[in-house]
Amino acid sequence: MAIRTKLFFTFFCSWLFINTANSQEFSQTIRGRVLDAESHAGLPGATVAISTLNPVMGTATDIDGYFRFEKVPVGRHDIKVNYLGYTEQFLSQVLVGSGKEIVLEIMLQETVKKLNEVVIKSREEGNEAVNEMATVSSRSFSVEQTGKFAATGDDPARLALSFAGVSTQNDLFNEIVIRGNSPRGLLWKLEGVEIPNPNHLSGEGGNGGAVSILSNNVLGASDFYTGAFSAEYGNASSGVFDLHMKRGNNERREYAVQLGTLGTEAAIEGPFVKGKKSSYLINYRYSTLAIIEATGYKLTGDIRIGFQDINYNFFFPTKKLGTFTVFGVGGLSWSKLDGQDVYNKIPYNERNLSGYNMGATGLTHTFFFNDKAWLKTVVSASGYDVVAQWLIMENGQYKEYWRNDVSNYYYRAATQFNYKLNAKNAFRAGALYNVLNFVKREQNIYWQTDKKYVGTTTFAQAYLQWKHRFTEELTLISGMHFSYFALNKSFYPEPRLGLTWQFTPKNMFSLGAGLHSRMEPLGTYMVPFTYKGDTLTNAQLTLTRAFHAVAGYTTKLASTLTFKTEIYFQYLYMVPIDMKGSKYYSTINEDDTYQGMRLQNNGHGKNYGIEFTLDKRLAGKWYLLHTVSLYNSLYMGRNNVWGPTRFNGNFITNLTAGKDFNVGKKKTDIISINMRIFWGGGRRYAPYDIDKTISNGEEVKIYTNGYTDHATNYFRVDAGVSFRKNKPHWAWIIKLDIQNVTNRPNEVARKYDVDNQKIKAISYLGLLPALKYRVEF
């Protein structure tokens, strides 16, 4: 490990100082559009200024709200936007490089005050959600943050670990635990429709994986929610990733090529027809390890892993029919383990193969009726396939003995209508229709069995939201979400409420509350099992229900420094538990897959806690995000005893920080240093009954009081350093991320050692350096 680390540092440093003395004066174009936050109508005559230049560079938007700056010096710049009757918008430290144009979409909020009053309040782009209907437990994240924060690997799920209330208990996978909830309670949305788990090497019903399928080259500004989300979000009990894709450059072709230890990828964007507004954006990536191992080198021993993925977004505006977008993401991933026997008892070699394939594609249409109303419609097809195989070597060849293949595929349609009545009132309504299909096939060649299970159902949703601004300081957002699960004809009305009160220029109170629900993996409802000699399914199960309540307080300590605290309570009910078997089983403790047992909706759970966030946005070339979360996560099974859940870590503290340094003769190149320190409670376990485990020769656990035992606290330090070199019309970036700098072996599981008759802790990753080199042109 020491030799590999030295090689990475040597290679990085050799690139870092190449040509730094030959800097020139480089520039780039900044352009974009200024829009009304509610109606999304272009605002003509808005003033846009780059305040970090001397003299200040300024312009005004055209009749459709577009603006343009030519020959802006590379570096970081602040941008101010003003429009009569609207609050000022301030974009801090926008990174301008020589390789790609900067294309912005800036939303302004109309003031409810009279024009003859002086409005001194400004709105800063930072951690506020992009969705103007959000009130609490929400945060936006940008493409730059996803790539800048240490050890994210350009992965939005790993970026979320820097936010309050979010934790992980596993170095291998990026599944996220929100406020003590199972990772399965998370909803992934892309361009307005739900998508399957977008992570490589995931499992059935899981919401994490080894590597994100989503590309940082294609993602735009998106939102992340940790509770009490607004009425447009359904089928989620813990959180929401609301993802959006950016549009390709519609004026010139741009390229990006990246070589890294994780993956080798290429992106291309540009106009379909020069001089028109349509554009395309495509990114493709292939696992670097798979490329190297294809040549015969075994870098990972007996384990082989690989993946490939593609992301695309095609944009087609029309003059009278609105705009059309074709979007999609897809990924294939596989792993192979040779020379191992699962139980350490089989006297022959075996091979274990697994794979996760996911895809989602859709068509969106957005139509603007006027400057107050718009309608967005999306149709999509998506699905995923999880494959597991077991092969045994016989006569020098591997022969398949067992195979399990689970497929879920969906057809979805969604429509959303938005109407801005006036500065005080905005309405949003929508409907979603989902056709859900499930196929499971089990083949056991040894026992000569071949079983196939097929099921289909529909899931319909509708919602209505009203945003009312009583004054400039007081805003109420109310709404209703409705869900209908056709499999058992269950109907769920879910009221939602949000309130923000800016009671002083620097202090704000926020409140959110509402009912939510979440569907179990389809296999839970559709796979038959044997119960007392009868073949049954769990089709009678309803959705898991949850009540969320959040109260928050935000204060501005300085122009770039904000402190925020939130206190929350979540009560989960109608949770599936074992009807006649284990008194202690509850799906609330599952992170993936499903169990073939008779279930009933009689379980309960509760999560409560307090969170603190100190946020110093990027300004003065440095940023800081420090969060502390104290919480408790409990559940109750059929035994009617409250006990800790598997995901009850009790505390999380996170410190993320970074600083930029301008270097080179003209100070146009940038060195960025970033770090993250994460410390949280360890993974929970049910304690072992040591005497029975030893006497039986296999694990026997005590679930009476829940998951009362836990691993040592999870601790990890990540660091990253990057160098950006600007050249005429192109730029290159080299970045080194070091995960787990202290080489701490965090515990991920426990296993009973039969030979030594003791419980062993299992750890996976230690220090892991990851290097990537990127060219933009």
# chains A, B, ... in the order shown; residues from 1 in each chain; ligands from 1

$ select_by_dssp --residues "segment 46-241 of chain A" --states "strand (DSSP E)" --output "PyMOL selection string"
chain A and resi 47-50+57-60+66-73+75-82+88-96+102-108+122-124+138-141+166-167+177-178+186-190+193-194+199-200+211-212+222-225+239-241

$ select_by_dssp --residues "segment 198-336 of chain A" --states "helix (DSSP H, G or I)" --output "PyMOL selection string"
chain A and resi 288-293

$ write_last_selection --atoms "N, CA and C atoms" --output "PDB file, in the first residue's frame"
ATOM      1  N   THR A 288     -12.169   1.502 -15.452  1.00  0.00           N
ATOM      2  CA  THR A 288     -10.741   1.418 -15.749  1.00  0.00           C
ATOM      3  C   THR A 288     -10.167   0.080 -15.300  1.00  0.00           C
ATOM      4  N   LEU A 289     -10.610  -0.421 -14.149  1.00  0.00           N
ATOM      5  CA  LEU A 289     -10.131  -1.715 -13.671  1.00  0.00           C
ATOM      6  C   LEU A 289     -10.469  -2.819 -14.658  1.00  0.00           C
ATOM      7  N   ALA A 290     -11.674  -2.767 -15.233  1.00  0.00           N
ATOM      8  CA  ALA A 290     -12.073  -3.789 -16.196  1.00  0.00           C
ATOM      9  C   ALA A 290     -11.210  -3.726 -17.449  1.00  0.00           C
ATOM     10  N   ILE A 291     -10.845  -2.502 -17.866  1.00  0.00           N
ATOM     11  CA  ILE A 291      -9.979  -2.353 -19.040  1.00  0.00           C
ATOM     12  C   ILE A 291      -8.619  -2.976 -18.774  1.00  0.00           C
ATOM     13  N   ILE A 292      -8.054  -2.686 -17.603  1.00  0.00           N
ATOM     14  CA  ILE A 292      -6.723  -3.208 -17.272  1.00  0.00           C
ATOM     15  C   ILE A 292      -6.752  -4.721 -17.116  1.00  0.00           C
ATOM     16  N   GLU A 293      -7.786  -5.234 -16.426  1.00  0.00           N
ATOM     17  CA  GLU A 293      -7.851  -6.667 -16.189  1.00  0.00           C
ATOM     18  C   GLU A 293      -8.119  -7.448 -17.467  1.00  0.00           C
TER      19      GLU A 293
END

$ residues_around --residues "Met358 of chain A" --least-positions-apart "5" --cutoff "10 Å" --atoms "only C-alpha atoms" --output "list in words"
Ile195, Pro196, Asn197, Pro198, Asn199, His200, Leu201, Ser202, Ile213, Asp309, Val329, Gly330, Gly331, Leu332, Ser333, Ser382, Gly383, Tyr384, Asp385, Val386, Ser407, Asn408 and Tyr409 of chain A

$ residues_around --residues "Phe470 of chain A" --least-positions-apart "2" --cutoff "12 Å" --atoms "only C-alpha atoms" --output "list in words"
Thr111, Val112, Lys113, Ala423, Lys424, Asn425, Lys467, His468, Glu472, Glu473, Leu474, Thr475, Leu476, Ile477, Leu499, Thr500, Trp501 and Gln502 of chain A

$ write_last_selection --atoms "N, CA and C atoms" --output "tab-separated table (two decimals), in the first residue's frame"
chain	number	residue	atom	x	y	z
A	111	THR	N	-41.08	40.36	-5.27
A	111	THR	CA	-41.40	40.89	-3.94
A	111	THR	C	-42.88	41.22	-3.86
A	112	VAL	N	-43.44	41.06	-2.66
A	112	VAL	CA	-44.85	41.38	-2.47
A	112	VAL	C	-45.03	42.81	-1.98
A	113	LYS	N	-43.93	43.53	-1.81
A	113	LYS	CA	-44.02	44.93	-1.36
A	113	LYS	C	-44.31	45.85	-2.53
A	423	ALA	N	-47.97	38.06	-7.19
A	423	ALA	CA	-46.76	37.98	-6.38
A	423	ALA	C	-46.97	37.21	-5.08
A	424	LYS	N	-48.21	37.13	-4.63
A	424	LYS	CA	-48.48	36.47	-3.35
A	424	LYS	C	-48.89	35.01	-3.49
A	425	ASN	N	-49.44	34.60	-4.63
A	425	ASN	CA	-50.04	33.29	-4.74
A	425	ASN	C	-49.53	32.53	-5.96
A	467	LYS	N	-48.86	28.02	-2.66
A	467	LYS	CA	-47.87	28.86	-2.00
A	467	LYS	C	-48.46	30.26	-1.84
A	468	HIS	N	-48.59	30.67	-0.57
A	468	HIS	CA	-49.15	31.99	-0.29
A	468	HIS	C	-48.17	32.80	0.55
A	472	GLU	N	-43.67	39.89	2.76
A	472	GLU	CA	-42.34	39.56	2.26
A	472	GLU	C	-41.63	38.57	3.18
A	473	GLU	N	-42.01	38.57	4.46
A	473	GLU	CA	-41.32	37.75	5.45
A	473	GLU	C	-42.01	36.43	5.76
A	474	LEU	N	-43.32	36.33	5.53
A	474	LEU	CA	-44.10	35.18	5.96
A	474	LEU	C	-44.70	34.44	4.77
A	475	THR	N	-44.34	33.14	4.62
A	475	THR	CA	-44.81	32.34	3.50
A	475	THR	C	-45.37	31.02	4.01
A	476	LEU	N	-46.54	30.64	3.49
A	476	LEU	CA	-47.19	29.38	3.83
A	476	LEU	C	-47.30	28.54	2.56
A	477	ILE	N	-46.88	27.27	2.65
A	477	ILE	CA	-47.03	26.33	1.54
A	477	ILE	C	-47.82	25.14	2.05
A	499	LEU	N	-44.02	26.26	6.45
A	499	LEU	CA	-44.11	27.67	6.82
A	499	LEU	C	-42.70	28.24	7.00
A	500	THR	N	-42.47	29.42	6.46
A	500	THR	CA	-41.22	30.14	6.73
A	500	THR	C	-41.56	31.55	7.19
A	501	TRP	N	-40.84	32.01	8.20
A	501	TRP	CA	-41.06	33.34	8.77
A	501	TRP	C	-39.71	34.01	8.98
A	502	GLN	N	-39.43	34.99	8.14
A	502	GLN	CA	-38.19	35.77	8.23
A	502	GLN	C	-38.47	36.94	9.18

$ residues_around --residues "Leu91 of chain A" --least-positions-apart "2" --cutoff "12 Å" --atoms "only C-alpha atoms" --output "PyMOL selection string"
chain A and resi 48-52+76-82+88-89+93-95+104-108+122-127+560+617-619

$ residues_around --residues "Asp450 of chain A" --least-positions-apart "5" --cutoff "12 Å" --atoms "only C-alpha atoms" --output "CSV table (one decimal) with C-alpha atoms, in the first residue's frame"
chain,number,residue,atom,x,y,z
A,401,TYR,CA,-25.6,-25.0,-10.5
A,402,TRP,CA,-27.8,-22.1,-9.4
A,403,ARG,CA,-29.1,-18.9,-10.8
A,404,ASN,CA,-31.5,-16.2,-9.5
A,405,ASP,CA,-32.7,-13.4,-11.8
A,440,LYS,CA,-38.3,-13.5,-10.7
A,441,ARG,CA,-36.7,-16.7,-12.0
A,442,GLU,CA,-34.9,-19.3,-9.8
A,443,GLN,CA,-33.1,-22.1,-11.4
A,444,ASN,CA,-31.3,-24.9,-9.5
A,445,ILE,CA,-29.7,-27.3,-11.9

$ residues_around --residues "segment 668-682 of chain A" --least-positions-apart "6" --cutoff "9 Å" --atoms "only C-alpha atoms" --output "ChimeraX atom specification"
/A:16,20,23-26,73-75,97,148-151,161-162,167-169,647-662,710-726,735,746-748

$ closest_residue --among "A:Leu186, A:Val628, A:Met636, A:Ala414" --to "Met519 of chain A" --atoms "only C-alpha atoms"
A:Leu186

$ closest_residue --among "A:Arg750, A:Asn54, A:Gln397, A:Ser287" --to "Val72 of chain A" --atoms "only C-alpha atoms"
A:Asn54

$ closest_residue --among "A:Ser586, A:Asn705, A:Thr456, A:Thr524" --to "Gly643 of chain A" --atoms "only C-alpha atoms"
A:Asn705

$ closest_residue --among "A:Asn250, A:Thr318, A:Asn589, A:Ser633" --to "Lys274 of chain A" --atoms "only C-alpha atoms"
A:Asn250

$ closest_residue --among "A:Ala373, A:Leu634, A:Val575, A:Ala266" --to "Ser237 of chain A" --atoms "only C-alpha atoms"
A:Val575

$ closest_residue --among "A:Thr530, A:Ser559, A:Ser279, A:Thr87" --to "Gly620 of chain A" --atoms "only C-alpha atoms"
A:Ser559

$ atom_distance --atom1 "atom CA of Leu190 of chain A" --atom2 "atom CA of Val136 of chain A"
21.0 Å
